[in-house]
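**Student:** To start, I am sharing the structure in question, which I have written as structure tokens.
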Amino acid sequence: MLLNPHTVVQAATVPTELERAAEAYDAAAERLRGVLARLPHYLGELDLAEDVNWDSMASDAYRSVLGLLRLPAEVMMVEISTLASEANSIAADLRHYAQQARSLLTLLSAVPAVPLAPGAGPGIGGGQFEGLWHEARTALEGHASRFTEFIDRHGGIPSLLHEDLRRTMLPG
């Protein structure tokens with residue numbers, strides 16, 4: 001079971017995919033903040049429109065419509081602000097996943113074949129390590145969503161995999 005150059009190149013796309021997605025969320029947050037920046041001007045225009053005063057039934061209807069236009073803008077200010085913050089939070093999470101993908105890719109690339117976990121024979125420890133090795137490699141070779149599912153399922157890079165690979169790489 002060797003990692004070939006094609007696998008390494010393909011696996012390198014997962015961090016790139018995650019970074020691109022993070023950039024898209026940052027761009028969405030920026031566009032939302034652009035809309036948010038325009039809403040005070042919109043509300044100011046409504047204030048100016050309310051200053052128009054004439055004495056008729058049409059004036060009452062006019063003021064009612066202005067009131068109906070104000071409420072959605074005020075609600076949008078809160079909603080847009082929340083959405084922009086959530087988009088930034090998602091972007092930060094995606095960047096964290098990308099960093100984990102790069103770290104795992106470095107670990108897997110440093111050891112050319114599935115090493116036997118130190119001190120583990122063909123029993124539970126060795127089988128568990130080999131299973132994690134293959135699962136990690138498969139996660140990095142797939143779509144970014146497969147990698148994020150792997151990381152979420154294990155609560156990060158599995159410590160068994162992480163520690164045993166480091167021990168294998170370091171001279172003993």
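Residues in the structure tokens are named by chain (A, B, ... in the order shown) and by number from 1 within that chain; ligands are numbered from 1 in the order shown.
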Skip Ala28 (chain A) itself and residues of its chain fewer than 4 positions away, then list as JSON, numbers by chain all residues within 7 Å of it, counting only C-alpha atoms.
**Tutor:** {"A": [24, 32, 87]}
**Student:** Just to be explicit: take each residue in the selection above, keep all heavy atoms, and write the result as a PDB file, in the first residue's frame.
**Tutor:**
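Once everything was written out, this is again14.pdb:
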ATOM      1  N   ALA A  24     -15.069  31.931  -0.760  1.00  0.00           N
ATOM      2  CA  ALA A  24     -16.430  32.215  -1.232  1.00  0.00           C
ATOM      3  C   ALA A  24     -17.313  32.697  -0.073  1.00  0.00           C
ATOM      4  O   ALA A  24     -18.107  33.632  -0.247  1.00  0.00           O
ATOM      5  CB  ALA A  24     -17.036  30.977  -1.885  1.00  0.00           C
ATOM      6  N   LEU A  32     -22.766  40.895   1.790  1.00  0.00           N
ATOM      7  CA  LEU A  32     -23.839  41.163   2.759  1.00  0.00           C
ATOM      8  C   LEU A  32     -23.573  42.447   3.527  1.00  0.00           C
ATOM      9  O   LEU A  32     -24.491  43.238   3.762  1.00  0.00           O
ATOM     10  CB  LEU A  32     -23.985  39.981   3.722  1.00  0.00           C
ATOM     11  CG  LEU A  32     -24.622  38.717   3.135  1.00  0.00           C
ATOM     12  CD1 LEU A  32     -24.416  37.534   4.069  1.00  0.00           C
ATOM     13  CD2 LEU A  32     -26.098  38.948   2.858  1.00  0.00           C
ATOM     14  N   ALA A  87     -21.328  33.611   7.952  1.00  0.00           N
ATOM     15  CA  ALA A  87     -20.491  33.317   6.782  1.00  0.00           C
ATOM     16  C   ALA A  87     -19.013  33.412   7.154  1.00  0.00           C
ATOM     17  O   ALA A  87     -18.213  32.567   6.743  1.00  0.00           O
ATOM     18  CB  ALA A  87     -20.816  34.264   5.631  1.00  0.00           C
TER      19      ALA A  87
END
**Student:** Compile the contact shell of Ser145 (chain A) as a PyMOL selection string: residues with an atom at most 9 Å away, counting only C-alpha atoms, same-chain residues fewer than 5 positions apart removed.
**Tutor:** chain A and resi 14+18+139+150
**Student:** Go ahead and write the selection's residues with N, CA, C and O atoms as an mmCIF file, in the first residue's frame.
**Tutor:**
data_model
loop_
_atom_site.group_PDB
_atom_site.id
_atom_site.type_symbol
_atom_site.label_atom_id
_atom_site.label_comp_id
_atom_site.auth_asym_id
_atom_site.auth_seq_id
_atom_site.Cartn_x
_atom_site.Cartn_y
_atom_site.Cartn_z
ATOM 1 N N VAL A 14 -7.822 18.718 -1.773
ATOM 2 C CA VAL A 14 -8.760 18.892 -0.660
ATOM 3 C C VAL A 14 -8.486 20.205 0.077
ATOM 4 O O VAL A 14 -9.409 20.996 0.271
ATOM 5 N N LEU A 18 -11.104 23.431 0.134
ATOM 6 C CA LEU A 18 -11.574 24.026 1.385
ATOM 7 C C LEU A 18 -11.231 25.512 1.452
ATOM 8 O O LEU A 18 -12.052 26.325 1.891
ATOM 9 N N ALA A 139 -10.162 9.661 2.619
ATOM 10 C CA ALA A 139 -10.772 10.970 2.876
ATOM 11 C C ALA A 139 -10.028 12.077 2.142
ATOM 12 O O ALA A 139 -10.635 13.003 1.605
ATOM 13 N N PHE A 150 -14.720 12.871 7.819
ATOM 14 C CA PHE A 150 -13.699 12.079 8.513
ATOM 15 C C PHE A 150 -13.216 12.813 9.765
ATOM 16 O O PHE A 150 -13.164 12.244 10.858
#
**Student:** If I take CA of Arg63 (chain A) and CA of Gly34 (chain A), how far is one from the other in Å, to one decimal?
**Tutor:**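 Taking CA of Arg63 (chain A) and CA of Gly34 (chain A), their separation equals 28.0 Å.
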**Student:** Give me, as a short mmCIF file (atom, residue, chain, number, x, y, z; two decimals) with N, CA, C and O atoms, in the first residue's frame, all polymer residues having an atom no more than 12 Å from Ala73 (chain A), counting only C-alpha atoms and skipping those fewer than 6 positions away in the same chain.
**Tutor:**
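Written out: out-v3.cif:
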data_model
loop_
_atom_site.label_atom_id
_atom_site.label_comp_id
_atom_site.auth_asym_id
_atom_site.auth_seq_id
_atom_site.Cartn_x
_atom_site.Cartn_y
_atom_site.Cartn_z
N VAL A 35 -24.56 45.39 1.46
CA VAL A 35 -26.00 45.66 1.52
C VAL A 35 -26.32 46.34 2.84
O VAL A 35 -27.07 47.32 2.88
N LEU A 36 -25.73 45.86 3.91
CA LEU A 36 -25.95 46.44 5.24
C LEU A 36 -25.54 47.91 5.27
O LEU A 36 -26.21 48.74 5.87
N ALA A 37 -24.46 48.23 4.57
CA ALA A 37 -23.98 49.62 4.53
C ALA A 37 -24.96 50.54 3.80
O ALA A 37 -25.00 51.74 4.07
N ARG A 38 -25.75 49.99 2.88
CA ARG A 38 -26.70 50.81 2.13
C ARG A 38 -28.02 51.03 2.88
O ARG A 38 -28.76 51.96 2.55
N LEU A 39 -28.33 50.18 3.83
CA LEU A 39 -29.62 50.29 4.50
C LEU A 39 -29.80 51.59 5.29
O LEU A 39 -30.91 52.15 5.26
N PRO A 40 -28.79 52.14 5.97
CA PRO A 40 -29.01 53.43 6.63
C PRO A 40 -29.40 54.53 5.65
O PRO A 40 -30.25 55.38 5.97
N HIS A 41 -28.82 54.51 4.47
CA HIS A 41 -29.19 55.50 3.44
C HIS A 41 -30.66 55.31 3.04
O HIS A 41 -31.41 56.28 2.91
N TYR A 42 -31.05 54.08 2.87
CA TYR A 42 -32.44 53.76 2.53
C TYR A 42 -33.38 54.27 3.61
O TYR A 42 -34.40 54.91 3.31
N LEU A 43 -33.03 54.01 4.87
CA LEU A 43 -33.87 54.49 5.98
C LEU A 43 -33.89 56.02 6.03
O LEU A 43 -34.92 56.62 6.34
N GLY A 44 -32.76 56.63 5.72
CA GLY A 44 -32.71 58.10 5.66
C GLY A 44 -33.62 58.65 4.58
O GLY A 44 -34.29 59.68 4.77
N GLU A 45 -33.67 57.98 3.45
CA GLU A 45 -34.57 58.40 2.37
C GLU A 45 -36.02 58.26 2.80
O GLU A 45 -36.86 59.10 2.46
N LEU A 46 -36.32 57.21 3.55
CA LEU A 46 -37.69 57.06 4.07
C LEU A 46 -38.02 58.19 5.04
O LEU A 46 -39.15 58.71 5.04
N LEU A 66 -45.12 53.98 3.69
CA LEU A 66 -43.76 54.26 4.19
C LEU A 66 -43.46 53.41 5.44
O LEU A 66 -42.36 52.90 5.60
N GLY A 67 -44.45 53.29 6.30
CA GLY A 67 -44.27 52.45 7.50
C GLY A 67 -44.02 51.00 7.12
O GLY A 67 -43.21 50.31 7.75
N GLU A 79 -30.89 40.63 10.31
CA GLU A 79 -30.68 39.36 9.60
C GLU A 79 -29.38 39.37 8.79
O GLU A 79 -28.63 38.40 8.81
N ILE A 80 -29.14 40.44 8.09
CA ILE A 80 -27.93 40.52 7.26
C ILE A 80 -26.68 40.51 8.12
O ILE A 80 -25.70 39.84 7.80
#
**Student:** For a test of reading the model, state the distance in Å between CA of Val52 (chain A) and CA of Val65 (chain A), rounded to one decimal.
**Tutor:**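 Here the two named atoms are 13.2 Å from each other.
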**Student:** Using only C-alpha atoms, which of A:Ala101, A:Leu71, A:Asp60, A:Trp54 sits nearest Ala144 (chain A)?
**Tutor:**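 Among the listed residues, the smallest separation from Ala144 (chain A) belongs to A:Ala101.
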**Student:** Choose the residue, out of A:His96, A:Arg33, A:His134, A:His162, that has the smallest atom-to-atom separation from Thr148 (chain A); count only C-alpha atoms.
**Tutor:** A:His96
**Student:** Restricting the calculation to only C-alpha atoms, which member of A:Leu83, A:Leu108, A:Met76, A:Leu68 is positioned closest to Glu135 (chain A)?
**Tutor:**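 For Glu135 (chain A), the nearest of the candidates is A:Leu108.
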**Student:** Which distance in Å separates CA of Phe129 (chain A) and CA of Ala110 (chain A), to one decimal?
**Tutor:**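 Value for the CA of Phe129 (chain A)-CA of Ala110 (chain A) distance: 16.2 Å.
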